[in-house]
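As provided, coords-v1.txt (compact mmCIF, C-alpha atoms) reads as follows.
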# COMPACT_ATOMS: atom_id res chain seq x y z
CA MET A 1346 96.94 71.20 131.82
CA LYS A 1347 93.57 72.85 131.40
CA HIS A 1348 93.08 72.38 127.70
CA PRO A 1349 95.06 69.39 126.43
CA TRP A 1350 93.23 69.48 123.09
CA ARG A 1351 94.58 72.92 122.30
CA TRP A 1352 98.15 71.72 122.71
CA ILE A 1353 97.52 68.64 120.60
CA ILE A 1354 95.91 70.65 117.81
CA GLY A 1355 98.69 73.25 117.97
CA PHE A 1356 101.39 70.59 117.71
CA CYS A 1357 99.56 68.98 114.80
CA VAL A 1358 99.34 72.32 112.94
CA ILE A 1359 103.00 73.18 113.54
CA GLY A 1360 104.10 69.67 112.63
CA GLY A 1361 102.01 69.81 109.47
CA LEU A 1362 103.55 73.14 108.46
CA VAL A 1363 107.09 71.82 109.09
CA LEU A 1364 106.27 68.71 107.06
CA LEU A 1365 104.92 70.90 104.23
CA ALA A 1366 108.07 73.02 104.29
CA VAL A 1367 110.33 69.95 104.14
CA LEU A 1368 108.42 68.05 101.43
CA PRO A 1369 109.63 68.84 97.91
CA GLY A 1370 107.01 70.40 95.63
CA GLY A 1371 105.58 69.14 92.37
CA LYS A 1372 106.83 69.62 88.83
CA LYS A 1373 108.43 72.98 88.07
CA LEU A 1374 106.32 75.17 85.82
CA GLU A 1375 107.58 77.57 83.23
CA PHE A 1376 105.28 80.53 83.81
CA GLU A 1377 105.11 83.67 81.67
CA VAL A 1378 102.85 86.53 82.79
CA ALA A 1379 102.81 88.10 79.32
CA GLY A 1380 101.25 84.96 77.87
CA GLU A 1381 98.07 85.64 79.83
CA PHE A 1382 97.42 88.74 77.73
CA GLN A 1383 98.13 87.50 74.22
CA ARG A 1384 95.33 88.11 71.78
CA GLU A 1385 94.97 84.71 70.24
CA VAL A 1386 92.69 84.35 67.23
CA LEU A 1387 89.71 82.06 67.72
CA VAL A 1388 88.15 82.34 64.23
CA LYS A 1389 90.29 83.59 61.35
CA LEU A 1390 88.48 86.05 59.09
CA PRO A 1391 89.86 88.12 56.18
CA THR A 1392 91.26 91.63 56.60
CA ILE A 1393 89.06 94.43 55.20
CA GLY A 1394 91.14 97.55 54.55
CA PRO A 1395 93.13 98.36 57.70
CA PHE A 1396 90.78 96.33 59.92
CA ASP A 1397 91.50 92.74 60.87
CA MET A 1398 88.04 91.21 61.19
CA SER A 1399 89.13 87.92 62.82
CA ILE A 1400 87.49 87.02 66.12
CA THR A 1401 89.95 87.15 69.01
CA LYS A 1402 89.61 86.33 72.70
CA THR A 1403 88.81 90.01 73.37
CA VAL A 1404 85.93 90.03 70.89
CA ALA A 1405 84.50 86.89 72.48
CA TYR A 1406 84.67 88.52 75.91
CA LEU A 1407 82.97 91.66 74.60
CA TRP A 1408 80.15 89.57 73.11
CA ILE A 1409 79.72 87.70 76.39
CA THR A 1410 79.53 91.04 78.23
CA VAL A 1411 76.94 92.45 75.85
CA GLY A 1412 74.93 89.22 76.03
CA ILE A 1413 74.88 89.20 79.83
CA ILE A 1414 73.85 92.86 80.03
CA LEU A 1415 71.08 92.29 77.46
CA ILE A 1416 69.68 89.16 79.12
CA VAL A 1417 69.79 90.59 82.65
CA THR A 1418 68.22 93.91 81.72
CA ILE A 1419 65.49 92.26 79.63
CA ILE A 1420 64.63 89.85 82.45
CA VAL A 1421 64.56 92.65 85.02
CA ALA A 1422 62.54 94.98 82.80
CA ARG A 1423 59.97 92.26 82.03
CA SER A 1424 59.33 91.42 85.67
CA LEU A 1425 59.28 94.81 87.42
CA LYS A 1426 57.40 94.70 90.72
CA VAL A 1427 56.29 97.41 93.15
CA HIS A 1428 57.86 95.47 96.01
CA PRO A 1429 61.22 94.53 94.51
CA GLY A 1430 62.83 91.18 95.10
CA ARG A 1431 66.52 90.75 95.85
CA PHE A 1432 67.63 90.79 92.21
CA GLN A 1433 65.54 93.78 91.20
CA TYR A 1434 66.73 95.63 94.29
CA ALA A 1435 70.37 95.08 93.29
CA MET A 1436 69.67 96.42 89.79
CA GLU A 1437 67.81 99.43 91.21
CA THR A 1438 70.76 100.17 93.49
CA LEU A 1439 73.10 100.10 90.49
CA TYR A 1440 70.76 102.40 88.55
CA GLU A 1441 70.51 104.81 91.47
CA LEU A 1442 74.27 104.84 91.90
CA ALA A 1443 74.67 105.77 88.23
CA ARG A 1444 71.89 108.39 88.33
CA ASP A 1445 72.41 110.07 91.70
CA GLY A 1446 75.94 109.12 92.64
CA ILE A 1447 77.63 109.74 89.30
CA VAL A 1448 75.53 111.96 87.04
CA GLY A 1449 73.53 113.76 89.73
CA SER A 1450 76.48 114.70 91.91
CA VAL A 1451 78.81 115.89 89.15
CA MET A 1452 76.80 117.44 86.28
CA LYS A 1453 74.83 120.65 86.59
CA SER A 1454 72.83 120.71 83.34
CA GLY A 1455 72.07 118.08 80.73
CA LYS A 1456 71.64 115.36 83.34
CA LYS A 1457 68.72 113.70 81.62
CA GLN A 1458 70.35 113.96 78.21
CA TRP A 1459 73.71 112.41 79.14
CA PHE A 1460 72.62 109.87 81.74
CA PRO A 1461 72.09 107.06 79.18
CA TYR A 1462 75.68 107.28 77.92
CA ILE A 1463 77.34 107.59 81.32
CA GLY A 1464 75.17 104.95 82.96
CA GLY A 1465 75.74 102.67 79.97
CA VAL A 1466 79.51 103.09 80.17
CA PHE A 1467 79.40 102.42 83.90
CA VAL A 1468 77.42 99.19 83.55
CA PHE A 1469 79.46 98.04 80.54
CA VAL A 1470 82.86 98.58 82.15
CA LEU A 1471 81.64 97.08 85.42
CA THR A 1472 80.34 93.95 83.71
CA CYS A 1473 83.53 93.64 81.65
CA ASN A 1474 85.70 93.91 84.75
CA LEU A 1475 83.62 91.44 86.76
CA ILE A 1476 83.52 88.86 83.96
CA GLY A 1477 87.31 89.02 83.98
CA LEU A 1478 87.25 87.49 87.46
CA ILE A 1479 85.40 84.36 86.30
CA PRO A 1480 87.61 81.70 84.67
CA LEU A 1481 86.36 80.97 81.15
CA PRO A 1482 87.68 78.38 78.68
CA PHE A 1483 89.55 80.76 76.35
CA GLY A 1484 93.11 80.06 77.51
CA ASP A 1485 95.80 77.96 75.81
CA HIS A 1486 94.36 74.67 74.55
CA HIS A 1487 90.93 75.73 75.91
CA GLN A 1488 92.04 75.76 79.52
CA THR A 1489 90.02 77.95 81.82
CA ALA A 1490 91.82 81.25 82.33
CA PHE A 1491 91.28 84.79 83.55
CA TYR A 1492 91.08 87.53 80.95
CA THR A 1493 89.22 90.84 80.62
CA ALA A 1494 88.28 92.74 77.53
CA THR A 1495 89.28 95.91 79.43
CA ALA A 1496 92.82 94.52 79.79
CA ASN A 1497 93.19 95.36 76.10
CA LEU A 1498 94.22 98.90 75.21
CA ASN A 1499 92.12 98.91 72.03
CA VAL A 1500 88.88 98.46 73.99
CA THR A 1501 89.62 101.11 76.61
CA LEU A 1502 90.92 103.54 74.00
CA MET A 1503 87.67 103.15 72.06
CA LEU A 1504 85.62 103.85 75.20
CA ALA A 1505 87.77 106.89 76.00
CA LEU A 1506 87.44 108.08 72.40
CA PHE A 1507 83.64 108.02 72.75
CA THR A 1508 83.88 110.17 75.89
CA PHE A 1509 86.30 112.52 74.10
CA LEU A 1510 84.01 112.93 71.09
CA PHE A 1511 80.85 113.32 73.17
CA THR A 1512 82.58 115.95 75.36
CA HIS A 1513 83.27 118.22 72.40
CA TYR A 1514 79.96 117.42 70.71
CA ALA A 1515 78.10 118.44 73.88
CA GLY A 1516 80.18 121.60 74.32
CA VAL A 1517 79.82 122.73 70.70
CA ARG A 1518 76.10 121.99 70.59
CA LYS A 1519 75.31 123.89 73.77
CA ASN A 1520 77.70 126.87 73.52
CA GLY A 1521 78.40 127.18 69.79
CA ALA A 1522 81.77 126.27 68.28
CA LEU A 1523 83.49 129.65 68.55
CA LYS A 1524 82.34 130.41 72.07
CA TYR A 1525 83.24 126.90 73.22
CA VAL A 1526 86.78 127.08 71.87
CA LYS A 1527 87.26 130.66 73.12
CA ALA A 1528 86.31 129.72 76.68
CA TRP A 1529 89.31 127.38 76.94
CA ALA A 1530 91.42 130.40 77.95
CA PRO A 1531 90.37 132.79 80.75
CA SER A 1532 88.98 136.04 79.37
CA GLY A 1533 90.79 138.31 81.83
CA ALA A 1534 94.33 137.19 80.95
CA PRO A 1535 96.74 139.30 78.85
CA PRO A 1536 96.86 138.26 75.16
CA VAL A 1537 100.20 136.37 75.05
CA LEU A 1538 99.48 134.46 78.25
CA LYS A 1539 96.00 133.71 76.91
CA GLN A 1540 97.44 131.96 73.86
CA VAL A 1541 99.83 129.92 75.99
CA ILE A 1542 97.02 128.84 78.32
CA TRP A 1543 94.85 127.97 75.34
CA ALA A 1544 97.60 125.78 73.85
CA ILE A 1545 98.15 124.03 77.18
CA HIS A 1546 94.42 123.38 77.41
CA VAL A 1547 94.38 121.80 73.95
CA ILE A 1548 97.24 119.49 74.97
CA SER A 1549 95.46 118.60 78.21
CA GLU A 1550 92.33 117.63 76.23
CA PHE A 1551 94.37 115.00 74.40
CA PHE A 1552 96.04 113.85 77.59
CA ARG A 1553 92.60 113.19 79.03
CA LEU A 1554 92.12 110.67 76.24
CA ILE A 1555 95.38 108.93 77.14
CA SER A 1556 94.88 109.01 80.91
CA LEU A 1557 91.28 107.78 80.73
CA SER A 1558 92.16 104.77 78.58
CA VAL A 1559 95.53 103.89 80.14
CA ARG A 1560 94.13 104.07 83.69
CA LEU A 1561 91.52 101.38 83.09
CA PHE A 1562 93.84 99.27 80.93
CA ALA A 1563 96.79 99.37 83.33
CA ASN A 1564 94.61 98.69 86.37
CA MET A 1565 93.12 95.59 84.79
CA VAL A 1566 96.45 94.31 83.46
CA ALA A 1567 98.15 94.89 86.81
CA GLY A 1568 95.33 93.21 88.71
CA HIS A 1569 95.30 90.16 86.48
CA ALA A 1570 99.09 89.92 86.50
CA ILE A 1571 99.08 89.94 90.31
CA LEU A 1572 96.34 87.29 90.34
CA ALA A 1573 98.31 85.14 87.88
CA VAL A 1574 101.53 85.52 89.88
CA PHE A 1575 99.80 84.60 93.14
CA PHE A 1576 98.11 81.55 91.62
CA ALA A 1577 101.33 80.36 90.00
CA MET A 1578 103.90 81.28 92.65
CA ALA A 1579 103.55 77.93 94.43
CA LEU A 1580 104.50 76.20 91.18
CA ILE A 1581 107.48 78.52 90.75
CA PHE A 1582 108.78 78.03 94.30
CA GLN A 1583 107.98 74.27 94.30
CA SER A 1584 106.91 74.17 97.94
CA TYR A 1585 103.71 72.98 99.57
CA LEU A 1586 104.14 75.47 102.44
CA VAL A 1587 104.18 78.39 100.01
CA ALA A 1588 101.15 76.87 98.29
CA VAL A 1589 99.13 76.77 101.53
CA ALA A 1590 100.08 80.33 102.43
CA LEU A 1591 99.45 81.68 98.93
CA GLN A 1592 96.01 80.14 98.51
CA GLY A 1593 94.84 82.20 101.48
CA ALA A 1594 96.56 85.30 100.14
CA SER A 1595 95.16 84.85 96.64
CA VAL A 1596 91.61 84.78 98.04
CA LEU A 1597 92.30 88.19 99.60
CA ILE A 1598 93.80 89.49 96.34
CA TYR A 1599 90.73 88.20 94.48
CA MET A 1600 88.42 90.11 96.82
CA PHE A 1601 90.54 93.21 96.35
CA GLU A 1602 90.21 92.78 92.58
CA ILE A 1603 86.41 92.76 92.89
CA PHE A 1604 86.73 96.09 94.73
CA VAL A 1605 89.07 97.42 92.02
CA ALA A 1606 86.61 96.36 89.31
CA PHE A 1607 83.88 98.46 90.97
CA ILE A 1608 86.16 101.43 91.63
CA GLN A 1609 87.54 101.53 88.09
CA ALA A 1610 84.09 101.40 86.51
CA PHE A 1611 82.97 104.16 88.90
CA ILE A 1612 86.01 106.33 88.14
CA PHE A 1613 85.67 105.88 84.38
CA ALA A 1614 82.00 106.88 84.49
CA ILE A 1615 82.49 109.77 86.89
CA LEU A 1616 85.41 111.23 84.91
CA SER A 1617 83.30 110.98 81.75
CA ALA A 1618 80.56 112.87 83.60
CA VAL A 1619 83.08 115.48 84.81
CA TYR A 1620 84.45 116.06 81.30
CA ILE A 1621 81.02 116.27 79.65
CA GLY A 1622 79.67 118.44 82.47
CA GLY A 1623 82.72 120.71 82.19
CA ALA A 1624 82.10 121.17 78.46
CA LEU A 1625 78.42 121.95 79.05
CA ASP A 1626 78.89 124.50 81.87
CA GLN A 1627 82.14 126.30 81.14
CA ASP A 1628 83.60 128.23 84.07
CA HIS A 1629 85.54 131.03 82.47
CA MET B 185 125.84 93.51 82.22
CA ASN B 186 124.04 92.74 79.00
CA PRO B 187 121.27 95.03 77.65
CA ALA B 188 118.48 92.73 78.83
CA ALA B 189 119.65 93.10 82.42
CA TYR B 190 119.67 96.88 82.09
CA ARG B 191 116.16 96.73 80.68
CA GLU B 192 114.80 94.72 83.59
CA LEU B 193 116.65 96.89 86.11
CA GLY B 194 115.14 99.96 84.46
CA ALA B 195 111.65 98.42 84.61
CA GLY B 196 111.99 97.71 88.32
CA LEU B 197 113.33 101.20 89.01
CA ALA B 198 110.56 102.82 86.94
CA MET B 199 107.83 101.00 88.85
CA GLY B 200 109.38 101.52 92.28
CA LEU B 201 110.30 105.19 91.88
CA GLY B 202 107.09 105.93 90.04
CA ALA B 203 105.01 104.59 92.92
CA ILE B 204 106.56 106.96 95.51
CA GLY B 205 104.86 110.16 94.40
CA PRO B 206 101.33 108.79 93.90
CA GLY B 207 101.65 106.91 97.19
CA ILE B 208 102.40 110.10 99.10
CA GLY B 209 99.68 111.97 97.20
CA LEU B 210 97.01 109.31 97.81
CA GLY B 211 97.92 109.17 101.50
CA ILE B 212 97.58 112.92 101.91
CA MET B 213 94.35 113.07 99.92
CA ILE B 214 92.55 110.19 101.61
CA GLY B 215 93.73 111.39 105.02
CA LYS B 216 92.36 114.87 104.39
CA ALA B 217 89.10 113.44 103.05
CA LEU B 218 88.63 111.29 106.16
CA GLU B 219 89.45 114.29 108.33
CA SER B 220 86.82 116.43 106.65
CA ILE B 221 84.25 113.60 106.76
CA ALA B 222 84.89 113.33 110.51
CA ARG B 223 84.37 117.06 110.90
CA GLN B 224 81.28 117.31 108.72
CA PRO B 225 79.61 113.91 108.38
CA GLU B 226 76.59 115.48 106.65
CA VAL B 227 78.52 116.17 103.41
CA SER B 228 80.34 112.83 103.37
CA GLY B 229 78.71 111.83 100.07
CA ASP B 230 80.10 114.82 98.16
CA ILE B 231 83.52 114.44 99.76
CA ARG B 232 83.65 110.76 98.87
CA THR B 233 82.72 111.40 95.22
CA ASN B 234 85.38 114.08 94.87
CA MET B 235 87.89 111.86 96.66
CA PHE B 236 87.30 109.10 94.11
CA ILE B 237 87.85 111.55 91.26
CA GLY B 238 91.12 112.60 92.88
CA ILE B 239 92.12 108.99 93.45
CA GLY B 240 91.55 108.24 89.78
CA VAL B 241 93.65 111.17 88.63
CA THR B 242 96.50 110.55 91.09
CA GLU B 243 96.63 106.80 90.64
CA ALA B 244 97.04 107.23 86.88
CA VAL B 245 100.57 108.56 87.50
CA ALA B 246 101.63 105.28 89.10
CA LEU B 247 100.01 103.39 86.24
CA TYR B 248 102.04 105.35 83.68
CA ALA B 249 105.11 104.03 85.49
CA PHE B 250 103.61 100.54 85.27
CA VAL B 251 103.05 100.91 81.53
CA VAL B 252 106.63 102.15 81.08
CA ALA B 253 107.85 99.09 82.99
CA LEU B 254 105.76 96.81 80.78
CA ILE B 255 107.11 98.50 77.65
CA LEU B 256 110.69 98.13 78.92
CA ILE B 257 110.24 94.42 79.60
CA PHE B 258 108.09 93.24 76.70
CA VAL B 259 108.29 95.77 73.87
CA ALA B 260 111.73 97.43 73.95
CA LYS B 261 114.39 95.53 72.05

Turn this file's structure into structure tokens for me.
Amino acid sequence: MKHPWRWIIGFCVIGGLVLLAVLPGGKKLEFEVAGEFQREVLVKLPTIGPFDMSITKTVAYLWITVGIILIVTIIVARSLKVHPGRFQYAMETLYELARDGIVGSVMKSGKKQWFPYIGGVFVFVLTCNLIGLIPLPFGDHHQTAFYTATANLNVTLMLALFTFLFTHYAGVRKNGALKYVKAWAPSGAPPVLKQVIWAIHVISEFFRLISLSVRLFANMVAGHAILAVFFAMALIFQSYLVAVALQGASVLIYMFEIFVAFIQAFIFAILSAVYIGGALDQDH
Amino acid sequence: MNPAAYRELGAGLAMGLGAIGPGIGLGIMIGKALESIARQPEVSGDIRTNMFIGIGVTEAVALYAFVVALILIFVAK
């Protein structure tokens, strides 16, 4: 035997795993994925017209997001240096990604005018998504729990509505209302076909609104549901072996969710840039 | 079977069948993008940006299936 320690350690690991598989697990947990996404009311306020003004978990998360963005940007802007430190360098990279990677690579004209909105949306959605990966005490009975404001369709629909409105505002302001609406159908087409294409384009404009909002919402809900299932599966199966295996797997899923948070913010911002750029420089 | 069982069966089928098309599409698109980056590494930035736009548009189709599954489980009565 060259390496007796290897055999001993191997036997210990295998024996430990067998022991974990044989041992019965802890108390069985009733787990409901849908409960993770309920909008519970934190502070009850009266309803004004059709709007319920009470402060829910989502509103609290939005305030936290806005607060973090404000504090970080103010601190960075106050202490700008010629030779940037680590923190300032990270912020500059984010800024450059929004300016060159998103606005610069997609839009032809109006870059300077529309960069604030698109960069703002990028940073806002990114911060929202990343805060969703930090457990905060807003769960049932003030337990720490995962939740994102972007896992709420109202928030994402509002963001998509802003992009929708700004798209048509930009198009009408640059090209004039009649010319902008006329350019939705190709000029060379025969008249009947032109009307059909125009109608299809109008429908597709509204579907952009749906796809932009539902994409972000569904991605965040799916990601958090998978995280919740992976964290709670050991309690459902009642086995220590499953628990050991799933803790490793849930770390991987968590890292993948960080990646998804970046990608979704990037896609939301870049599609906003594509739509606004398309309204500014119409092809046909 | 009672209606609740049909609902959950439908949700599973919606998610599973709805993921086939976007899966094939994403595979083709990312494969082609990698191929073209390998051929012309100097324009890899542009290709990557356009690939992400395509990923966003294609992936939304699978997420519609996900939303339909959620509606079937939690909303439909």

Please provide as a ChimeraX atom specification all residues within 9 Å of Val241 in chain B, with the sequence filter that same-chain residues fewer than 5 positions apart are discarded (counting all atoms listed in the file).
/A:1556-1557,1560 /B:236

Non-local contacts of Ile255 in chain B (12 Å; all atoms listed in the file; under 2 positions in same chain excluded) as a count of residues only:
20

Per-residue nearest contacts of chain A to chain B (9 Å; all atoms listed in the file) as JSON lines:
{"residue": "A:Ala1379", "atom": "CA", "partner": "B:Phe258", "partner_atom": "CA", "distance": 7.8}
{"residue": "A:Gly1446", "atom": "CA", "partner": "B:Thr233", "partner_atom": "CA", "distance": 7.6}
{"residue": "A:Ile1447", "atom": "CA", "partner": "B:Thr233", "partner_atom": "CA", "distance": 8.0}
{"residue": "A:Ser1450", "atom": "CA", "partner": "B:Asp230", "partner_atom": "CA", "distance": 7.2}
{"residue": "A:Val1451", "atom": "CA", "partner": "B:Thr233", "partner_atom": "CA", "distance": 8.5}
{"residue": "A:Ser1556", "atom": "CA", "partner": "B:Ala244", "partner_atom": "CA", "distance": 6.6}
{"residue": "A:Leu1557", "atom": "CA", "partner": "B:Ala244", "partner_atom": "CA", "distance": 8.4}
{"residue": "A:Val1559", "atom": "CA", "partner": "B:Tyr248", "partner_atom": "CA", "distance": 7.6}
{"residue": "A:Arg1560", "atom": "CA", "partner": "B:Ala244", "partner_atom": "CA", "distance": 5.4}
{"residue": "A:Leu1561", "atom": "CA", "partner": "B:Ala244", "partner_atom": "CA", "distance": 8.9}
{"residue": "A:Ala1563", "atom": "CA", "partner": "B:Leu247", "partner_atom": "CA", "distance": 5.9}
{"residue": "A:Asn1564", "atom": "CA", "partner": "B:Leu247", "partner_atom": "CA", "distance": 7.2}
{"residue": "A:Ala1567", "atom": "CA", "partner": "B:Phe250", "partner_atom": "CA", "distance": 8.0}
{"residue": "A:Ile1608", "atom": "CA", "partner": "B:Phe236", "partner_atom": "CA", "distance": 8.1}
{"residue": "A:Gln1609", "atom": "CA", "partner": "B:Gly240", "partner_atom": "CA", "distance": 8.0}
{"residue": "A:Phe1611", "atom": "CA", "partner": "B:Phe236", "partner_atom": "CA", "distance": 8.4}
{"residue": "A:Ile1612", "atom": "CA", "partner": "B:Gly240", "partner_atom": "CA", "distance": 6.1}
{"residue": "A:Phe1613", "atom": "CA", "partner": "B:Gly240", "partner_atom": "CA", "distance": 8.3}
{"residue": "A:Ile1615", "atom": "CA", "partner": "B:Ile237", "partner_atom": "CA", "distance": 7.1}
{"residue": "A:Leu1616", "atom": "CA", "partner": "B:Ile237", "partner_atom": "CA", "distance": 6.8}
{"residue": "A:Val1619", "atom": "CA", "partner": "B:Ile237", "partner_atom": "CA", "distance": 8.9}

Next, the residues of the selection above should be written as a short mmCIF file (atom, residue, chain, number, x, y, z; two decimals), in the coordinates of the input with C-alpha atoms.
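Output contents, as saved in result-v8.cif:
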data_model
loop_
_atom_site.label_atom_id
_atom_site.label_comp_id
_atom_site.auth_asym_id
_atom_site.auth_seq_id
_atom_site.Cartn_x
_atom_site.Cartn_y
_atom_site.Cartn_z
CA ALA A 1379 102.81 88.10 79.32
CA GLY A 1446 75.94 109.12 92.64
CA ILE A 1447 77.63 109.74 89.30
CA SER A 1450 76.48 114.70 91.91
CA VAL A 1451 78.81 115.89 89.15
CA SER A 1556 94.88 109.01 80.91
CA LEU A 1557 91.28 107.78 80.73
CA VAL A 1559 95.53 103.89 80.14
CA ARG A 1560 94.13 104.07 83.69
CA LEU A 1561 91.52 101.38 83.09
CA ALA A 1563 96.79 99.37 83.33
CA ASN A 1564 94.61 98.69 86.37
CA ALA A 1567 98.15 94.89 86.81
CA ILE A 1608 86.16 101.43 91.63
CA GLN A 1609 87.54 101.53 88.09
CA PHE A 1611 82.97 104.16 88.90
CA ILE A 1612 86.01 106.33 88.14
CA PHE A 1613 85.67 105.88 84.38
CA ILE A 1615 82.49 109.77 86.89
CA LEU A 1616 85.41 111.23 84.91
CA VAL A 1619 83.08 115.48 84.81
#

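Taking CA of Val1587 in chain A as the reference point, CA of Val1358 in chain A is found at 15.1 Å.
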
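The gap separating CA of Ala1606 in chain A from CA of Ser220 in chain B is 26.5 Å, in Å to one decimal.
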
Using only C-alpha atoms, which residues sit within 12 Å of Val1404 in chain A once same-chain residues fewer than 2 positions away are excluded, as an mmCIF file with C-alpha atoms, keeping the file's coordinate frame?
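Output contents, as saved in selection_36.cif:
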data_model
loop_
_atom_site.group_PDB
_atom_site.id
_atom_site.type_symbol
_atom_site.label_atom_id
_atom_site.label_comp_id
_atom_site.auth_asym_id
_atom_site.auth_seq_id
_atom_site.Cartn_x
_atom_site.Cartn_y
_atom_site.Cartn_z
ATOM 1 C CA ARG A 1384 95.330 88.110 71.780
ATOM 2 C CA GLU A 1385 94.970 84.710 70.240
ATOM 3 C CA VAL A 1386 92.690 84.350 67.230
ATOM 4 C CA LEU A 1387 89.710 82.060 67.720
ATOM 5 C CA VAL A 1388 88.150 82.340 64.230
ATOM 6 C CA ASP A 1397 91.500 92.740 60.870
ATOM 7 C CA MET A 1398 88.040 91.210 61.190
ATOM 8 C CA SER A 1399 89.130 87.920 62.820
ATOM 9 C CA ILE A 1400 87.490 87.020 66.120
ATOM 10 C CA THR A 1401 89.950 87.150 69.010
ATOM 11 C CA LYS A 1402 89.610 86.330 72.700
ATOM 12 C CA TYR A 1406 84.670 88.520 75.910
ATOM 13 C CA LEU A 1407 82.970 91.660 74.600
ATOM 14 C CA TRP A 1408 80.150 89.570 73.110
ATOM 15 C CA ILE A 1409 79.720 87.700 76.390
ATOM 16 C CA THR A 1410 79.530 91.040 78.230
ATOM 17 C CA VAL A 1411 76.940 92.450 75.850
ATOM 18 C CA CYS A 1473 83.530 93.640 81.650
ATOM 19 C CA PHE A 1483 89.550 80.760 76.350
ATOM 20 C CA TYR A 1492 91.080 87.530 80.950
ATOM 21 C CA THR A 1493 89.220 90.840 80.620
ATOM 22 C CA ALA A 1494 88.280 92.740 77.530
ATOM 23 C CA THR A 1495 89.280 95.910 79.430
ATOM 24 C CA ASN A 1497 93.190 95.360 76.100
ATOM 25 C CA ASN A 1499 92.120 98.910 72.030
ATOM 26 C CA VAL A 1500 88.880 98.460 73.990
#

One decimal, Å: what's the distance from CA of Glu226 in chain B over to CA of Leu1442 in chain A, could you say?
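Interatomic distance here is 18.3 Å.
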
For the point (88.9, 126.4, 73.8) in file coordinates, what residues are within 12 Å, counting all atoms listed in the file? Give the answer as a PyMOL selection string?
chain A and resi 1513+1516-1517+1520-1532+1539-1550+1623-1624+1627-1629

Residues within 10 Å of Met235 in chain B, all atoms listed in the file, excluding chain neighbours under 6 positions, as a PyMOL selection string:
chain B and resi 210+213-214+216-218+229+241

Residues near Gln1433 in chain A, cut-off 12 Å, only C-alpha atoms, skip fewer than 2 positions along chain, as a list in words
Val1417, Thr1418, Ile1419, Ile1420, Val1421, Ala1422, Arg1423, Ser1424, Leu1425, Lys1426, Val1427, His1428, Pro1429, Gly1430, Arg1431, Ala1435, Met1436, Glu1437, Thr1438, Leu1439 and Tyr1440 of chain A

Residue rebuild result range 222-234 of chain B, N, CA and C atoms as a tab-separated table (two decimals), keeping the file's coordinate frame:
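The file below, result_27.tsv, is the result:
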chain	number	residue	atom	x	y	z
B	222	ALA	N	85.07	113.37	109.06
B	222	ALA	CA	84.89	113.33	110.51
B	222	ALA	C	84.40	114.65	111.05
B	223	ARG	N	84.83	115.76	110.42
B	223	ARG	CA	84.37	117.06	110.90
B	223	ARG	C	82.95	117.35	110.47
B	224	GLN	N	82.62	116.99	109.24
B	224	GLN	CA	81.28	117.31	108.72
B	224	GLN	C	80.69	116.05	108.10
B	225	PRO	N	80.14	115.17	108.92
B	225	PRO	CA	79.61	113.91	108.38
B	225	PRO	C	78.44	114.12	107.42
B	226	GLU	N	77.78	115.28	107.48
B	226	GLU	CA	76.59	115.48	106.65
B	226	GLU	C	76.92	115.64	105.17
B	227	VAL	N	78.17	116.04	104.83
B	227	VAL	CA	78.52	116.17	103.41
B	227	VAL	C	79.46	115.05	102.98
B	228	SER	N	79.39	113.91	103.67
B	228	SER	CA	80.34	112.83	103.37
B	228	SER	C	80.17	112.28	101.96
B	229	GLY	N	78.93	112.33	101.42
B	229	GLY	CA	78.71	111.83	100.07
B	229	GLY	C	79.49	112.62	99.03
B	230	ASP	N	79.38	113.96	99.10
B	230	ASP	CA	80.10	114.82	98.16
B	230	ASP	C	81.60	114.63	98.28
B	231	ILE	N	82.08	114.58	99.54
B	231	ILE	CA	83.52	114.44	99.76
B	231	ILE	C	84.00	113.13	99.16
B	232	ARG	N	83.21	112.06	99.37
B	232	ARG	CA	83.65	110.76	98.87
B	232	ARG	C	83.72	110.75	97.34
B	233	THR	N	82.71	111.36	96.69
B	233	THR	CA	82.72	111.40	95.22
B	233	THR	C	83.96	112.14	94.72
B	234	ASN	N	84.22	113.32	95.32
B	234	ASN	CA	85.38	114.08	94.87
B	234	ASN	C	86.68	113.36	95.19
